[in-house]
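*Asks:* For reference, this is protein.csv, and it has CSV, N, CA, C and O atoms.
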```csv
chain,number,residue,atom,x,y,z
A,27,MET,N,3.4,-1.7,1.0
A,27,MET,CA,2.5,-0.5,1.0
A,27,MET,C,1.9,-0.4,2.3
A,27,MET,O,1.5,-1.4,2.9
A,28,PRO,N,1.8,0.8,2.9
A,28,PRO,CA,1.2,0.9,4.2
A,28,PRO,C,-0.3,0.8,4.3
A,28,PRO,O,-0.8,0.7,5.4
A,29,ILE,N,-1.0,0.7,3.2
A,29,ILE,CA,-2.5,0.4,3.3
A,29,ILE,C,-2.7,-1.1,3.1
A,29,ILE,O,-2.3,-1.7,2.2
A,30,VAL,N,-3.4,-1.7,4.1
A,30,VAL,CA,-3.6,-3.1,4.2
A,30,VAL,C,-5.1,-3.3,3.9
A,30,VAL,O,-5.9,-2.6,4.5
A,31,VAL,N,-5.4,-4.3,3.1
A,31,VAL,CA,-6.8,-4.7,2.8
A,31,VAL,C,-7.1,-5.9,3.5
A,31,VAL,O,-6.5,-7.0,3.3
A,32,ASP,N,-8.2,-5.9,4.4
A,32,ASP,CA,-8.5,-7.0,5.2
A,32,ASP,C,-9.7,-7.8,4.7
A,32,ASP,O,-10.6,-8.1,5.5
A,33,ILE,N,-9.8,-8.0,3.4
A,33,ILE,CA,-10.9,-8.8,2.8
A,33,ILE,C,-10.9,-10.2,3.4
A,33,ILE,O,-12.0,-10.7,3.7
A,34,ASP,N,-9.8,-10.8,3.6
A,34,ASP,CA,-9.8,-12.2,4.1
A,34,ASP,C,-10.5,-12.3,5.5
A,34,ASP,O,-11.2,-13.3,5.7
A,35,VAL,N,-10.2,-11.3,6.3
A,35,VAL,CA,-10.9,-11.3,7.7
A,35,VAL,C,-12.4,-11.3,7.6
A,35,VAL,O,-13.1,-12.1,8.2
A,36,LEU,N,-12.9,-10.4,6.7
A,36,LEU,CA,-14.3,-10.3,6.6
A,36,LEU,C,-14.9,-11.5,5.8
A,36,LEU,O,-16.1,-11.9,6.2
A,37,LEU,N,-14.2,-12.0,4.9
A,37,LEU,CA,-14.7,-13.2,4.2
A,37,LEU,C,-14.9,-14.4,5.2
A,37,LEU,O,-15.9,-15.1,5.2
A,38,ALA,N,-13.9,-14.5,6.1
A,38,ALA,CA,-14.0,-15.6,7.1
A,38,ALA,C,-15.1,-15.4,8.0
A,38,ALA,O,-15.9,-16.3,8.4
A,39,ARG,N,-15.3,-14.1,8.5
A,39,ARG,CA,-16.4,-13.8,9.4
A,39,ARG,C,-17.8,-14.1,8.7
A,39,ARG,O,-18.7,-14.5,9.4
A,40,ARG,N,-17.9,-13.8,7.4
A,40,ARG,CA,-19.1,-14.0,6.7
A,40,ARG,C,-19.3,-15.4,6.1
A,40,ARG,O,-20.3,-15.7,5.5
A,41,LYS,N,-18.3,-16.2,6.3
A,41,LYS,CA,-18.3,-17.6,5.7
A,41,LYS,C,-18.6,-17.5,4.2
A,41,LYS,O,-19.5,-18.2,3.7
A,42,MET,N,-17.9,-16.6,3.5
A,42,MET,CA,-18.1,-16.4,2.1
A,42,MET,C,-16.8,-16.7,1.3
A,42,MET,O,-15.7,-16.4,1.8
A,43,SER,N,-17.0,-17.2,0.1
A,43,SER,CA,-15.8,-17.6,-0.7
A,43,SER,C,-15.4,-16.3,-1.5
A,43,SER,O,-16.2,-15.4,-1.7
A,44,VAL,N,-14.2,-16.4,-2.0
A,44,VAL,CA,-13.7,-15.3,-2.9
A,44,VAL,C,-14.6,-15.2,-4.2
A,44,VAL,O,-15.0,-14.1,-4.6
A,45,GLY,N,-14.9,-16.4,-4.7
A,45,GLY,CA,-15.7,-16.4,-5.9
A,45,GLY,C,-17.1,-15.8,-5.7
A,45,GLY,O,-17.6,-15.1,-6.5
A,46,GLU,N,-17.7,-16.1,-4.6
A,46,GLU,CA,-19.0,-15.6,-4.3
A,46,GLU,C,-19.0,-14.1,-4.1
A,46,GLU,O,-19.8,-13.3,-4.6
A,47,LEU,N,-17.9,-13.6,-3.4
A,47,LEU,CA,-17.8,-12.1,-3.2
A,47,LEU,C,-17.5,-11.5,-4.6
A,47,LEU,O,-18.2,-10.4,-4.9
A,48,ALA,N,-16.7,-12.0,-5.4
A,48,ALA,CA,-16.4,-11.5,-6.7
A,48,ALA,C,-17.7,-11.4,-7.5
A,48,ALA,O,-17.9,-10.3,-8.2
A,49,GLU,N,-18.5,-12.4,-7.5
A,49,GLU,CA,-19.8,-12.4,-8.2
A,49,GLU,C,-20.7,-11.3,-7.7
A,49,GLU,O,-21.3,-10.5,-8.5
A,50,ARG,N,-20.8,-11.2,-6.4
A,50,ARG,CA,-21.7,-10.2,-5.8
A,50,ARG,C,-21.2,-8.7,-6.1
A,50,ARG,O,-22.1,-7.8,-6.3
A,51,VAL,N,-19.9,-8.5,-6.1
A,51,VAL,CA,-19.4,-7.2,-6.4
A,51,VAL,C,-19.3,-6.9,-7.9
A,51,VAL,O,-19.4,-5.7,-8.2
A,52,GLY,N,-19.2,-7.9,-8.7
A,52,GLY,CA,-19.2,-7.7,-10.1
A,52,GLY,C,-17.8,-7.5,-10.7
A,52,GLY,O,-17.6,-6.7,-11.7
A,53,ILE,N,-16.8,-8.1,-10.0
A,53,ILE,CA,-15.4,-8.1,-10.5
A,53,ILE,C,-15.0,-9.5,-10.7
A,53,ILE,O,-15.6,-10.5,-10.1
A,54,THR,N,-13.9,-9.7,-11.4
A,54,THR,CA,-13.4,-11.1,-11.6
A,54,THR,C,-12.7,-11.6,-10.3
A,54,THR,O,-12.1,-10.7,-9.5
A,55,PRO,N,-12.7,-12.9,-10.1
A,55,PRO,CA,-11.9,-13.4,-8.9
A,55,PRO,C,-10.4,-13.0,-9.0
A,55,PRO,O,-9.8,-12.7,-7.9
A,56,ALA,N,-9.9,-12.9,-10.2
A,56,ALA,CA,-8.5,-12.5,-10.3
A,56,ALA,C,-8.3,-11.0,-9.8
A,56,ALA,O,-7.3,-10.8,-9.1
A,57,ASN,N,-9.2,-10.1,-10.2
A,57,ASN,CA,-9.0,-8.8,-9.7
A,57,ASN,C,-9.3,-8.6,-8.2
A,57,ASN,O,-8.6,-7.8,-7.6
A,58,LEU,N,-10.2,-9.5,-7.7
A,58,LEU,CA,-10.4,-9.5,-6.3
A,58,LEU,C,-9.1,-10.0,-5.6
A,58,LEU,O,-8.7,-9.4,-4.5
A,59,ALA,N,-8.4,-11.0,-6.1
A,59,ALA,CA,-7.2,-11.5,-5.6
A,59,ALA,C,-6.1,-10.4,-5.5
A,59,ALA,O,-5.3,-10.4,-4.6
A,60,VAL,N,-6.0,-9.6,-6.6
A,60,VAL,CA,-5.0,-8.5,-6.6
A,60,VAL,C,-5.3,-7.6,-5.5
A,60,VAL,O,-4.3,-7.2,-4.8
A,61,LEU,N,-6.5,-7.2,-5.2
A,61,LEU,CA,-6.9,-6.3,-4.1
A,61,LEU,C,-6.6,-7.0,-2.8
A,61,LEU,O,-6.0,-6.4,-1.9
A,62,LYS,N,-7.0,-8.2,-2.7
A,62,LYS,CA,-6.9,-9.0,-1.4
A,62,LYS,C,-5.5,-9.2,-1.0
A,62,LYS,O,-5.2,-9.2,0.2
A,63,ASN,N,-4.6,-9.4,-2.0
A,63,ASN,CA,-3.2,-9.7,-1.7
A,63,ASN,C,-2.3,-8.5,-1.6
A,63,ASN,O,-1.1,-8.6,-1.5
A,64,GLY,N,-2.9,-7.3,-1.7
A,64,GLY,CA,-2.2,-6.1,-1.5
A,64,GLY,C,-1.4,-5.7,-2.7
A,64,GLY,O,-0.4,-4.9,-2.5
A,65,ARG,N,-1.7,-6.2,-3.9
A,65,ARG,CA,-0.9,-5.8,-5.1
A,65,ARG,C,-1.6,-4.6,-5.8
A,65,ARG,O,-1.1,-4.2,-6.8
A,66,ALA,N,-2.8,-4.3,-5.4
A,66,ALA,CA,-3.5,-3.2,-6.1
A,66,ALA,C,-2.9,-1.8,-5.8
A,66,ALA,O,-2.5,-1.6,-4.7
A,67,LYS,N,-2.9,-1.0,-6.8
A,67,LYS,CA,-2.3,0.4,-6.6
A,67,LYS,C,-3.5,1.3,-6.3
A,67,LYS,O,-3.2,2.4,-5.8
A,68,ALA,N,-4.7,1.0,-6.7
A,68,ALA,CA,-5.9,1.8,-6.5
A,68,ALA,C,-7.1,1.0,-6.4
A,68,ALA,O,-7.1,-0.2,-6.8
A,69,VAL,N,-8.2,1.6,-5.9
A,69,VAL,CA,-9.5,0.9,-5.9
A,69,VAL,C,-10.5,2.0,-6.1
A,69,VAL,O,-10.4,3.1,-5.6
A,70,ARG,N,-11.4,1.7,-7.0
A,70,ARG,CA,-12.5,2.7,-7.3
A,70,ARG,C,-13.5,2.7,-6.2
A,70,ARG,O,-13.7,1.7,-5.5
A,71,PHE,N,-14.0,3.9,-5.9
A,71,PHE,CA,-15.0,4.1,-4.9
A,71,PHE,C,-16.2,3.2,-5.1
A,71,PHE,O,-16.9,2.7,-4.2
A,72,THR,N,-16.6,3.0,-6.4
A,72,THR,CA,-17.7,2.2,-6.7
A,72,THR,C,-17.5,0.7,-6.3
A,72,THR,O,-18.3,0.0,-5.8
A,73,THR,N,-16.2,0.3,-6.5
A,73,THR,CA,-15.8,-1.1,-6.1
A,73,THR,C,-15.8,-1.2,-4.6
A,73,THR,O,-16.3,-2.2,-4.0
A,74,LEU,N,-15.3,-0.2,-3.9
A,74,LEU,CA,-15.2,-0.2,-2.5
A,74,LEU,C,-16.7,-0.2,-1.9
A,74,LEU,O,-17.0,-0.9,-1.0
A,75,ALA,N,-17.6,0.6,-2.5
A,75,ALA,CA,-19.0,0.6,-2.1
A,75,ALA,C,-19.6,-0.7,-2.3
A,75,ALA,O,-20.3,-1.2,-1.4
A,76,ALA,N,-19.3,-1.4,-3.4
A,76,ALA,CA,-19.9,-2.7,-3.7
A,76,ALA,C,-19.4,-3.7,-2.7
A,76,ALA,O,-20.1,-4.6,-2.2
A,77,LEU,N,-18.1,-3.7,-2.4
A,77,LEU,CA,-17.5,-4.6,-1.4
A,77,LEU,C,-18.2,-4.4,0.0
A,77,LEU,O,-18.5,-5.3,0.7
A,78,CYS,N,-18.4,-3.1,0.4
A,78,CYS,CA,-19.0,-2.8,1.7
A,78,CYS,C,-20.4,-3.3,1.7
A,78,CYS,O,-20.9,-3.9,2.7
A,79,GLU,N,-21.1,-3.2,0.6
A,79,GLU,CA,-22.5,-3.7,0.5
A,79,GLU,C,-22.6,-5.2,0.6
A,79,GLU,O,-23.3,-5.8,1.4
A,80,ALA,N,-21.7,-5.9,-0.1
A,80,ALA,CA,-21.7,-7.3,-0.2
A,80,ALA,C,-21.3,-7.9,1.2
A,80,ALA,O,-21.7,-9.0,1.6
A,81,LEU,N,-20.4,-7.2,1.9
A,81,LEU,CA,-19.8,-7.7,3.1
A,81,LEU,C,-20.5,-7.1,4.4
A,81,LEU,O,-20.2,-7.4,5.5
A,82,ASP,N,-21.5,-6.2,4.1
A,82,ASP,CA,-22.2,-5.5,5.2
A,82,ASP,C,-21.2,-4.9,6.2
A,82,ASP,O,-21.2,-5.2,7.4
A,83,CYS,N,-20.3,-4.0,5.6
A,83,CYS,CA,-19.3,-3.4,6.5
A,83,CYS,C,-19.1,-1.9,6.1
A,83,CYS,O,-19.7,-1.5,5.1
A,84,GLN,N,-18.2,-1.3,6.8
A,84,GLN,CA,-17.8,0.1,6.5
A,84,GLN,C,-16.4,0.0,5.8
A,84,GLN,O,-15.6,-0.9,6.0
A,85,PRO,N,-16.0,1.1,5.0
A,85,PRO,CA,-14.7,1.1,4.4
A,85,PRO,C,-13.5,0.9,5.4
A,85,PRO,O,-12.6,0.2,5.0
A,86,GLY,N,-13.7,1.4,6.6
A,86,GLY,CA,-12.7,1.2,7.6
A,86,GLY,C,-12.5,-0.2,8.1
A,86,GLY,O,-11.5,-0.6,8.7
A,87,ASP,N,-13.5,-1.0,7.8
A,87,ASP,CA,-13.4,-2.5,8.1
A,87,ASP,C,-12.6,-3.2,7.1
A,87,ASP,O,-12.0,-4.2,7.4
A,88,LEU,N,-12.5,-2.6,5.9
A,88,LEU,CA,-11.7,-3.2,4.8
A,88,LEU,C,-10.3,-2.7,4.7
A,88,LEU,O,-9.4,-3.5,4.3
A,89,LEU,N,-10.1,-1.5,5.0
A,89,LEU,CA,-8.8,-0.8,4.8
A,89,LEU,C,-8.2,-0.3,6.1
A,89,LEU,O,-9.0,0.3,6.9
A,90,ARG,N,-7.0,-0.5,6.3
A,90,ARG,CA,-6.3,0.1,7.4
A,90,ARG,C,-4.9,0.5,7.0
A,90,ARG,O,-4.3,0.0,6.1
A,91,TRP,N,-4.3,1.4,7.8
A,91,TRP,CA,-3.0,2.0,7.5
A,91,TRP,C,-2.0,1.4,8.5
A,91,TRP,O,-2.3,1.3,9.7
A,92,GLU,N,-0.9,0.9,8.0
A,92,GLU,CA,0.2,0.4,8.8
A,92,GLU,C,1.5,1.1,8.5
A,92,GLU,O,1.8,1.2,7.3
A,93,ALA,N,2.1,1.7,9.4
A,93,ALA,CA,3.4,2.4,9.1
A,93,ALA,C,4.4,1.4,8.7
A,93,ALA,O,4.5,0.3,9.2
A,94,GLU,N,5.2,1.8,7.7
A,94,GLU,CA,6.3,1.0,7.2
A,94,GLU,C,7.5,1.2,8.1
A,94,GLU,O,7.7,2.3,8.6
A,95,SER,N,8.2,0.2,8.4
A,95,SER,CA,9.4,0.4,9.2
A,95,SER,C,10.5,1.1,8.3
A,95,SER,O,10.4,1.1,7.1
A,96,LEU,N,11.5,1.6,9.0
A,96,LEU,CA,12.6,2.3,8.3
A,96,LEU,C,13.3,1.4,7.3
A,96,LEU,O,13.6,1.8,6.2
A,97,THR,N,13.5,0.2,7.7
A,97,THR,CA,14.1,-0.8,6.8
A,97,THR,C,13.3,-1.1,5.6
A,97,THR,O,13.8,-1.1,4.5
A,98,ASP,N,12.0,-1.2,5.7
A,98,ASP,CA,11.1,-1.5,4.6
A,98,ASP,C,11.1,-0.3,3.6
A,98,ASP,O,11.1,-0.5,2.4
A,99,GLU,N,11.1,0.9,4.2
A,99,GLU,CA,11.1,2.1,3.3
A,99,GLU,C,12.4,2.2,2.6
A,99,GLU,O,12.4,2.6,1.4
A,100,ALA,N,13.5,1.9,3.2
A,100,ALA,CA,14.8,2.0,2.5
A,100,ALA,C,14.9,0.9,1.4
A,100,ALA,O,15.4,1.2,0.3
A,101,THR,N,14.4,-0.3,1.7
A,101,THR,CA,14.4,-1.3,0.7
A,101,THR,C,13.5,-0.9,-0.5
A,101,THR,O,13.9,-1.1,-1.6
A,102,ALA,N,12.3,-0.4,-0.2
A,102,ALA,CA,11.4,0.0,-1.2
A,102,ALA,C,12.0,1.1,-2.1
A,102,ALA,O,11.8,1.2,-3.3
A,103,ALA,N,12.8,2.0,-1.5
A,103,ALA,CA,13.5,3.0,-2.3
A,103,ALA,C,14.8,2.6,-2.9
A,103,ALA,O,15.4,3.3,-3.6
A,104,GLY,N,15.2,1.3,-2.7
A,104,GLY,CA,16.3,0.8,-3.4
A,104,GLY,C,17.6,1.1,-2.7
A,104,GLY,O,18.7,1.0,-3.2
A,105,ARG,N,17.5,1.5,-1.4
A,105,ARG,CA,18.7,1.8,-0.6
A,105,ARG,C,18.8,0.7,0.5
A,105,ARG,O,17.9,0.1,1.0
A,106,LEU,N,20.0,0.5,0.9
A,106,LEU,CA,20.3,-0.4,2.1
A,106,LEU,C,20.8,0.5,3.2
A,106,LEU,O,21.6,1.4,3.1
A,107,LEU,N,20.4,0.1,4.4
A,107,LEU,CA,20.9,0.9,5.6
A,107,LEU,C,22.2,0.3,6.1
A,107,LEU,O,22.5,-0.8,6.0
```
Now that the file is in, can you turn its structure into structure tokens?
*Replies:*
Amino acid sequence: MPIVVDIDVLLARRKMSVGELAERVGITPANLAVLKNGRAKAVRFTTLAALCEALDCQPGDLLRWEAESLTDEATAAGRLL
């Protein structure tokens, strides 16, 4: 997926654990792991706002877009080049 979630970077900068962040945000550590590992298909704005508040950051600090390579897109679509 071309949207990358940089929670790990901010956790390291804040010296905060996943469990502590999950507690502050009000979600389970398992759900935070899904988001952190790039497996989430969506994120609620309320969750994004809570993450920003807990990490003292802006949404752009958490989310970034990376273009997929042509090979990645073909593989994702089930085609081989």
*Asks:* Extract, using only C-alpha atoms, all DNA, RNA and protein residues at most 10 Å from Arg50 of chain A, discarding same-chain residues fewer than 6 positions from it, and format them as a PyMOL selection string.
*Replies:* chain A and resi 44+76-77+79-81
*Asks:* For a quick check of understanding, using only C-alpha atoms, which of A:Cys78, A:Pro28, A:Gly64, A:Val69 has the smallest distance to Leu47 of chain A?
*Replies:*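 For Leu47 of chain A, the nearest of the given residues is A:Cys78.
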*Asks:* Could you check which of A:Ala68, A:Asp87, A:Val51, A:Asp82 is closest to Val35 of chain A, using all atoms listed in the file?
*Replies:*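 So, comparing all the options, the nearest one is A:Asp87.
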*Asks:* Just to confirm, what's the straight-line distance from atom O of Ala48 of chain A to atom N of Glu92 of chain A in Å (one decimal)?
*Replies:*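 Here the two named atoms are 26.0 Å from each other.
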*Asks:* What separation in Å, quoted to one decimal, exists between atom N of Val60 of chain A and atom CA of Glu94 of chain A?
*Replies:*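 Atom CA of Glu94 of chain A lies 21.3 Å from atom N of Val60 of chain A.
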*Asks:* Could you write out, as a list in words, all the residues of chain A that DSSP marks as strand (DSSP E or B)?
*Replies:*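 DSSP on the backbone gives strand (DSSP E or B) at Ile29, Val30, Val31, Leu89, Arg90 and Trp91 of chain A.
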*Asks:* Can you tell me how far atom CA of Ala93 of chain A sits from atom CA of Pro55 of chain A, in Å to one decimal?
*Replies:* 28.4 Å
*Asks:* Would you please extract all helix (DSSP H, G or I) residues from chain A, as assigned by DSSP on the backbone, and give them as a PyMOL selection string?
*Replies:* chain A and resi 33-40+44-51+55-62+71-81+85-88+96-102
*Asks:* My list of candidates is A:Leu37, A:Leu74, A:Asn63, A:Val30. Which is closest to Leu89 of chain A when distances are computed with all atoms listed in the file?
*Replies:*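 Looking only at the distances to Leu89 of chain A, the closest residue turns out to be A:Val30.
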*Asks:* Counting all atoms listed in the file, which of A:Ala75, A:Leu88, A:Met42, A:Cys83 gets nearest to Leu61 of chain A?
*Replies:* A:Leu88
*Asks:* A:Arg39, A:Gln84, A:Asp32, A:Phe71: which is nearest Ala59 of chain A, counting only C-alpha atoms?
*Replies:*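 The closest residue to Ala59 of chain A is A:Asp32.
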*Asks:* How about completing segment 29-40 of chain A with all heavy atoms and giving it to me as a PDB file, in the coordinates of the input?
*Replies:*
```pdb
ATOM      1  N   ILE A  29      -1.000   0.700   3.200  1.00  0.00           N
ATOM      2  CA  ILE A  29      -2.500   0.400   3.300  1.00  0.00           C
ATOM      3  C   ILE A  29      -2.700  -1.100   3.100  1.00  0.00           C
ATOM      4  O   ILE A  29      -2.300  -1.700   2.200  1.00  0.00           O
ATOM      5  CB  ILE A  29      -3.216   1.147   2.124  1.00  0.00           C
ATOM      6  CG1 ILE A  29      -2.995   2.654   2.201  1.00  0.00           C
ATOM      7  CG2 ILE A  29      -4.699   0.799   2.167  1.00  0.00           C
ATOM      8  CD1 ILE A  29      -3.537   3.310   3.459  1.00  0.00           C
ATOM      9  N   VAL A  30      -3.400  -1.700   4.100  1.00  0.00           N
ATOM     10  CA  VAL A  30      -3.600  -3.100   4.200  1.00  0.00           C
ATOM     11  C   VAL A  30      -5.100  -3.300   3.900  1.00  0.00           C
ATOM     12  O   VAL A  30      -5.900  -2.600   4.500  1.00  0.00           O
ATOM     13  CB  VAL A  30      -3.211  -3.677   5.541  1.00  0.00           C
ATOM     14  CG1 VAL A  30      -3.514  -5.159   5.620  1.00  0.00           C
ATOM     15  CG2 VAL A  30      -1.738  -3.407   5.817  1.00  0.00           C
ATOM     16  N   VAL A  31      -5.400  -4.300   3.100  1.00  0.00           N
ATOM     17  CA  VAL A  31      -6.800  -4.700   2.800  1.00  0.00           C
ATOM     18  C   VAL A  31      -7.100  -5.900   3.500  1.00  0.00           C
ATOM     19  O   VAL A  31      -6.500  -7.000   3.300  1.00  0.00           O
ATOM     20  CB  VAL A  31      -6.980  -4.858   1.237  1.00  0.00           C
ATOM     21  CG1 VAL A  31      -8.430  -5.159   0.913  1.00  0.00           C
ATOM     22  CG2 VAL A  31      -6.516  -3.623   0.472  1.00  0.00           C
ATOM     23  N   ASP A  32      -8.200  -5.900   4.400  1.00  0.00           N
ATOM     24  CA  ASP A  32      -8.500  -7.000   5.200  1.00  0.00           C
ATOM     25  C   ASP A  32      -9.700  -7.800   4.700  1.00  0.00           C
ATOM     26  O   ASP A  32     -10.600  -8.100   5.500  1.00  0.00           O
ATOM     27  CB  ASP A  32      -8.829  -6.479   6.644  1.00  0.00           C
ATOM     28  CG  ASP A  32      -7.578  -6.097   7.393  1.00  0.00           C
ATOM     29  OD1 ASP A  32      -6.542  -6.753   7.190  1.00  0.00           O
ATOM     30  OD2 ASP A  32      -7.626  -5.150   8.195  1.00  0.00           O
ATOM     31  N   ILE A  33      -9.800  -8.000   3.400  1.00  0.00           N
ATOM     32  CA  ILE A  33     -10.900  -8.800   2.800  1.00  0.00           C
ATOM     33  C   ILE A  33     -10.900 -10.200   3.400  1.00  0.00           C
ATOM     34  O   ILE A  33     -12.000 -10.700   3.700  1.00  0.00           O
ATOM     35  CB  ILE A  33     -10.794  -8.816   1.304  1.00  0.00           C
ATOM     36  CG1 ILE A  33     -11.077  -7.430   0.735  1.00  0.00           C
ATOM     37  CG2 ILE A  33     -11.774  -9.830   0.720  1.00  0.00           C
ATOM     38  CD1 ILE A  33     -10.903  -7.317  -0.753  1.00  0.00           C
ATOM     39  N   ASP A  34      -9.800 -10.800   3.600  1.00  0.00           N
ATOM     40  CA  ASP A  34      -9.800 -12.200   4.100  1.00  0.00           C
ATOM     41  C   ASP A  34     -10.500 -12.300   5.500  1.00  0.00           C
ATOM     42  O   ASP A  34     -11.200 -13.300   5.700  1.00  0.00           O
ATOM     43  CB  ASP A  34      -8.314 -12.689   4.307  1.00  0.00           C
ATOM     44  CG  ASP A  34      -7.676 -13.090   2.997  1.00  0.00           C
ATOM     45  OD1 ASP A  34      -8.419 -13.449   2.069  1.00  0.00           O
ATOM     46  OD2 ASP A  34      -6.442 -13.061   2.916  1.00  0.00           O
ATOM     47  N   VAL A  35     -10.200 -11.300   6.300  1.00  0.00           N
ATOM     48  CA  VAL A  35     -10.900 -11.300   7.700  1.00  0.00           C
ATOM     49  C   VAL A  35     -12.400 -11.300   7.600  1.00  0.00           C
ATOM     50  O   VAL A  35     -13.100 -12.100   8.200  1.00  0.00           O
ATOM     51  CB  VAL A  35     -10.357 -10.143   8.514  1.00  0.00           C
ATOM     52  CG1 VAL A  35     -11.101 -10.039   9.824  1.00  0.00           C
ATOM     53  CG2 VAL A  35      -8.857 -10.242   8.739  1.00  0.00           C
ATOM     54  N   LEU A  36     -12.900 -10.400   6.700  1.00  0.00           N
ATOM     55  CA  LEU A  36     -14.300 -10.300   6.600  1.00  0.00           C
ATOM     56  C   LEU A  36     -14.900 -11.500   5.800  1.00  0.00           C
ATOM     57  O   LEU A  36     -16.100 -11.900   6.200  1.00  0.00           O
ATOM     58  CB  LEU A  36     -14.664  -8.976   5.839  1.00  0.00           C
ATOM     59  CG  LEU A  36     -14.380  -7.734   6.686  1.00  0.00           C
ATOM     60  CD1 LEU A  36     -14.421  -6.479   5.842  1.00  0.00           C
ATOM     61  CD2 LEU A  36     -15.360  -7.637   7.819  1.00  0.00           C
ATOM     62  N   LEU A  37     -14.200 -12.000   4.900  1.00  0.00           N
ATOM     63  CA  LEU A  37     -14.700 -13.200   4.200  1.00  0.00           C
ATOM     64  C   LEU A  37     -14.900 -14.400   5.200  1.00  0.00           C
ATOM     65  O   LEU A  37     -15.900 -15.100   5.200  1.00  0.00           O
ATOM     66  CB  LEU A  37     -13.759 -13.668   3.081  1.00  0.00           C
ATOM     67  CG  LEU A  37     -13.834 -12.879   1.782  1.00  0.00           C
ATOM     68  CD1 LEU A  37     -12.717 -13.310   0.843  1.00  0.00           C
ATOM     69  CD2 LEU A  37     -15.187 -13.058   1.116  1.00  0.00           C
ATOM     70  N   ALA A  38     -13.900 -14.500   6.100  1.00  0.00           N
ATOM     71  CA  ALA A  38     -14.000 -15.600   7.100  1.00  0.00           C
ATOM     72  C   ALA A  38     -15.100 -15.400   8.000  1.00  0.00           C
ATOM     73  O   ALA A  38     -15.900 -16.300   8.400  1.00  0.00           O
ATOM     74  CB  ALA A  38     -12.638 -15.683   7.838  1.00  0.00           C
ATOM     75  N   ARG A  39     -15.300 -14.100   8.500  1.00  0.00           N
ATOM     76  CA  ARG A  39     -16.400 -13.800   9.400  1.00  0.00           C
ATOM     77  C   ARG A  39     -17.800 -14.100   8.700  1.00  0.00           C
ATOM     78  O   ARG A  39     -18.700 -14.500   9.400  1.00  0.00           O
ATOM     79  CB  ARG A  39     -16.347 -12.397   9.849  1.00  0.00           C
ATOM     80  CG  ARG A  39     -15.237 -12.122  10.821  1.00  0.00           C
ATOM     81  CD  ARG A  39     -15.258 -10.690  11.273  1.00  0.00           C
ATOM     82  NE  ARG A  39     -14.103 -10.399  12.089  1.00  0.00           N
ATOM     83  CZ  ARG A  39     -13.632  -9.187  12.307  1.00  0.00           C
ATOM     84  NH1 ARG A  39     -14.235  -8.131  11.774  1.00  0.00           N
ATOM     85  NH2 ARG A  39     -12.579  -9.005  13.055  1.00  0.00           N
ATOM     86  N   ARG A  40     -17.900 -13.800   7.400  1.00  0.00           N
ATOM     87  CA  ARG A  40     -19.100 -14.000   6.700  1.00  0.00           C
ATOM     88  C   ARG A  40     -19.300 -15.400   6.100  1.00  0.00           C
ATOM     89  O   ARG A  40     -20.300 -15.700   5.500  1.00  0.00           O
ATOM     90  CB  ARG A  40     -19.247 -12.963   5.575  1.00  0.00           C
ATOM     91  CG  ARG A  40     -19.058 -11.506   5.929  1.00  0.00           C
ATOM     92  CD  ARG A  40     -20.074 -10.996   6.931  1.00  0.00           C
ATOM     93  NE  ARG A  40     -20.049  -9.553   7.096  1.00  0.00           N
ATOM     94  CZ  ARG A  40     -19.286  -8.884   7.960  1.00  0.00           C
ATOM     95  NH1 ARG A  40     -18.411  -9.520   8.703  1.00  0.00           N
ATOM     96  NH2 ARG A  40     -19.379  -7.576   8.076  1.00  0.00           N
TER      97      ARG A  40
END
```
